[in-house]
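protein19.cif (mmCIF, C-alpha atoms)
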data_upload
#
loop_
_atom_site.label_atom_id
_atom_site.label_comp_id
_atom_site.auth_asym_id
_atom_site.auth_seq_id
_atom_site.Cartn_x
_atom_site.Cartn_y
_atom_site.Cartn_z
CA MET A 169 16.02 184.13 -143.44
CA GLU A 170 17.15 182.62 -146.72
CA GLN A 171 15.92 184.44 -149.82
CA ARG A 172 16.20 184.14 -153.56
CA HIS A 173 14.76 185.85 -156.61
CA ILE A 174 12.75 183.90 -159.16
CA GLU A 175 11.87 185.11 -162.63
CA LYS A 176 8.17 185.61 -163.25
CA GLY A 177 8.50 183.62 -166.48
CA HIS A 178 9.80 180.57 -164.60
CA ILE A 179 6.72 180.60 -162.36
CA LEU A 180 4.39 181.06 -165.34
CA ASP A 181 6.06 178.15 -167.15
CA GLY A 182 5.51 175.90 -164.11
CA ILE A 183 1.78 176.53 -163.77
CA PRO A 184 0.67 173.92 -166.36
CA GLU A 185 2.46 171.24 -164.29
CA SER A 186 0.83 172.35 -161.04
CA PRO A 187 -2.20 170.95 -159.19
CA GLY A 188 -5.14 173.21 -158.26
CA ALA A 189 -5.83 174.48 -161.77
CA GLU A 190 -8.55 177.06 -161.03
CA THR A 191 -6.57 179.01 -158.42
CA LEU A 192 -3.34 178.79 -160.38
CA GLU A 193 -5.00 179.98 -163.58
CA LEU A 194 -6.15 183.10 -161.69
CA LEU A 195 -2.57 183.47 -160.43
CA ARG A 196 -1.34 183.21 -164.03
CA SER A 197 -3.73 185.94 -165.13
CA ASP A 198 -2.67 188.24 -162.30
CA LEU A 199 1.04 187.56 -162.91
CA GLU A 200 0.67 188.32 -166.60
CA ASN A 201 -1.12 191.60 -165.90
CA THR A 202 0.28 192.84 -162.60
CA PHE A 203 3.35 192.98 -160.35
CA SER A 204 5.48 194.99 -162.72
CA ALA A 205 5.72 198.31 -164.47
CA TYR A 206 6.05 196.07 -167.52
CA PRO A 207 3.27 193.49 -166.99
CA ASN A 208 4.20 191.39 -170.01
CA SER A 209 7.85 191.08 -169.00
CA ARG A 210 8.76 187.54 -168.03
CA SER A 211 12.15 188.58 -166.66
CA VAL A 212 10.78 190.46 -163.61
CA GLU A 213 12.46 189.05 -160.50
CA LEU A 214 10.10 188.13 -157.65
CA PRO A 215 11.49 187.72 -154.10
CA ALA A 216 10.95 184.35 -152.45
CA VAL A 217 11.74 183.31 -148.88
CA LEU A 218 12.53 179.85 -147.61
CA ILE A 219 9.77 178.26 -145.55
CA ALA A 220 11.62 175.72 -143.40
CA ASN A 221 8.51 173.69 -142.61
CA LEU A 222 5.11 174.09 -144.25
CA LYS A 223 3.40 172.85 -141.07
CA SER A 224 4.28 176.18 -139.42
CA ARG A 225 2.75 177.98 -142.42
CA ARG A 226 -0.39 175.86 -142.01
CA ALA A 227 -0.65 176.85 -138.33
CA GLU A 228 -0.36 180.53 -139.33
CA LEU A 229 -3.11 180.10 -141.93
CA LEU A 230 -5.46 178.40 -139.48
CA ALA A 231 -4.93 181.24 -136.96
CA SER A 232 -5.36 184.02 -139.54
CA THR A 233 -8.23 186.41 -139.92
CA PHE A 234 -8.86 188.00 -143.29
CA PRO A 235 -10.42 191.29 -144.43
CA TYR A 236 -14.19 191.34 -144.08
CA GLY A 237 -14.12 187.74 -142.80
CA LYS A 238 -13.88 186.60 -146.41
CA THR A 239 -12.12 183.27 -146.98
CA PRO A 240 -9.34 183.76 -149.56
CA PHE A 241 -9.60 182.10 -152.95
CA GLY A 242 -7.47 178.93 -152.74
CA TYR A 243 -7.33 178.91 -148.91
CA GLU A 244 -8.51 175.31 -148.47
CA GLN A 245 -6.00 173.97 -150.99
CA MET A 246 -3.20 175.98 -149.35
CA VAL A 247 -4.02 174.62 -145.88
CA GLN A 248 -4.25 171.08 -147.25
CA PHE A 249 -0.94 171.33 -149.13
CA CYS A 250 0.91 172.79 -146.13
CA ALA A 251 -0.26 169.91 -143.91
CA ALA A 252 2.36 167.66 -145.56
CA GLY A 253 5.17 169.73 -144.04
CA GLY A 254 8.68 169.97 -145.40
CA PRO A 255 10.49 172.96 -146.91
CA ALA A 256 9.28 175.19 -149.74
CA TRP A 257 9.81 178.62 -151.24
CA GLY A 258 7.16 181.20 -150.43
CA LEU A 259 6.16 184.25 -152.46
CA HIS A 260 4.15 187.18 -151.16
CA LEU A 261 2.90 189.24 -154.09
CA PRO A 262 1.12 192.44 -153.01
CA ASP A 263 -1.13 194.54 -155.20
CA ILE A 264 -3.36 197.49 -154.37
CA ASP A 265 -6.62 195.53 -154.00
CA PHE A 266 -5.32 192.03 -153.19
CA TYR A 267 -2.26 189.95 -152.47
CA TRP A 268 -1.12 186.47 -153.39
CA SER A 269 0.58 183.96 -151.13
CA VAL A 270 2.24 181.25 -153.23
CA VAL A 271 4.11 178.09 -152.22
CA LEU A 272 6.71 176.80 -154.67
CA ASP A 273 8.30 173.34 -154.73
CA ILE A 274 11.71 173.56 -153.04
CA ASP A 275 13.55 171.91 -155.96
CA THR A 276 11.58 172.61 -159.15
CA ILE A 277 10.16 176.04 -158.20
CA ILE A 278 6.77 174.90 -159.59
CA PRO A 279 3.77 176.58 -157.89
CA MET A 280 2.15 173.94 -155.69
CA ALA A 281 -0.49 176.02 -153.89
CA ALA A 282 -1.65 179.61 -154.02
CA MET A 283 -4.18 181.81 -152.29
CA ARG A 284 -5.49 185.24 -153.23
CA VAL A 285 -6.62 187.57 -150.44
CA ASP A 286 -8.83 190.45 -151.56
CA LYS A 287 -8.32 193.50 -149.35
CA PHE A 288 -11.71 195.07 -150.03
CA ALA A 289 -15.21 193.62 -150.12
#
Representation of the structure as structure tokens:
Amino acid sequence: MEQRHIEKGHILDGIPESPGAETLELLRSDLENTFSAYPNSRSVELPAVLIANLKSRRAELLASTFPYGKTPFGYEQMVQFCAAGGPAWGLHLPDIDFYWSVVLDIDTIIPMAAMRVDKFA
């Protein structure tokens, strides 16, 4: 499985160029305040894995069940984006009460779709 590390600041810088503004603005807020002992540090390295084909990710999403049967914020946009297929970088960003699943453009590393799954009702 191919992996790479991407600076949090690079992802934050790409959000204004991304579609799906409402979900990505929530991602921005969470990135700025979470996922680091130093929340304001833009140099934190986040691990990304290569997704060879987004259609397989879409199939996983459609087969998934989520805590409390609650549809994740950004789920529909994520499923729609993954339908196009092709490769991408994927980030899984866990927190205590929620996690983010983010798909980044394979070349530009710009966030293209994101979904937040809340672990508790």
Contact residues around Met280 in chain A with only C-alpha atoms at 12 Å, ignoring same-chain residues under 5 positions, as a PyMOL selection string: chain A and resi 179+182-189+191-192+195+222+242+245-250+252+256-259+269-275
Residues in the PyMOL selection byres ((chain A and resi 238) around 12), expressed as a PyMOL selection string: chain A and resi 232-237+239-243+284-289
Straight-line distance linking CA of Gly254 in chain A with CA of Ala220 in chain A, stated in Å to one decimal: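 Rounded to one decimal, the two atoms are 6.8 Å apart.
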Counting all atoms listed in the file, the residue of A:Glu170, A:Pro255, A:Thr276, A:Asp263 that sits nearest Ile219 in chain A: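 Checking each candidate against Ile219 in chain A, we get A:Pro255 as the closest.
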Å distance separating CA of Arg225 in chain A from CA of Ala251 in chain A, one decimal place: 8.7 Å
For CA of His173 in chain A and CA of Asn201 in chain A, the interatomic separation in Å (one decimal):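 Going from CA of His173 in chain A over to CA of Asn201 in chain A covers 19.3 Å.
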Sphere at (14.1, 185.2, -162.5), radius 10 Å, counting all atoms listed in the file: residues as a PyMOL selection string: chain A and resi 172-179+210-215
Please produce an output containing C-alpha atoms for each residue in the selection, written as a CSV table (one decimal), in the coordinates of the input.
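So result_20.csv came out as:
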chain,number,residue,atom,x,y,z
A,172,ARG,CA,16.2,184.1,-153.6
A,173,HIS,CA,14.8,185.8,-156.6
A,174,ILE,CA,12.8,183.9,-159.2
A,175,GLU,CA,11.9,185.1,-162.6
A,176,LYS,CA,8.2,185.6,-163.2
A,177,GLY,CA,8.5,183.6,-166.5
A,178,HIS,CA,9.8,180.6,-164.6
A,179,ILE,CA,6.7,180.6,-162.4
A,210,ARG,CA,8.8,187.5,-168.0
A,211,SER,CA,12.2,188.6,-166.7
A,212,VAL,CA,10.8,190.5,-163.6
A,213,GLU,CA,12.5,189.0,-160.5
A,214,LEU,CA,10.1,188.1,-157.6
A,215,PRO,CA,11.5,187.7,-154.1
Using the file's own x, y and z axes, so that the box edges lie along x, y and z, what centre and edge lengths in Å (one decimal) does a box around every listed atom of range 223-227 of chain A get when 3 Å is added on each side? Give it as JSON.
{"center_x": 1.8, "center_y": 175.4, "center_z": -140.4, "size_x": 10.9, "size_y": 11.1, "size_z": 10.1}
Residue among A:Met169, A:Pro279, A:Glu244, A:Thr202 lying closest to Leu229 in chain A, counting all atoms listed in the file: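 Of all the options, A:Glu244 lies closest to Leu229 in chain A.
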Top pick for closest residue to Ile278 in chain A, considering A:Gln171, A:Asp181, A:Asp265, A:Lys223 and counting only C-alpha atoms: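 Comparing A:Gln171, A:Asp181, A:Asp265, A:Lys223 against Ile278 in chain A, the winner is A:Asp181.
Of the listed residues (A:Ile264, A:Leu230, A:Ala282, A:Leu218), A:Ala282 comes nearest to Arg196 in chain A; the distances count all atoms listed in the file.
Minimum atom-to-atom distances from A:Ala227, A:Ile277, A:Leu261, A:Met283 to Glu190 in chain A were compared using all atoms listed in the file, and the lowest value belongs to A:Met283.
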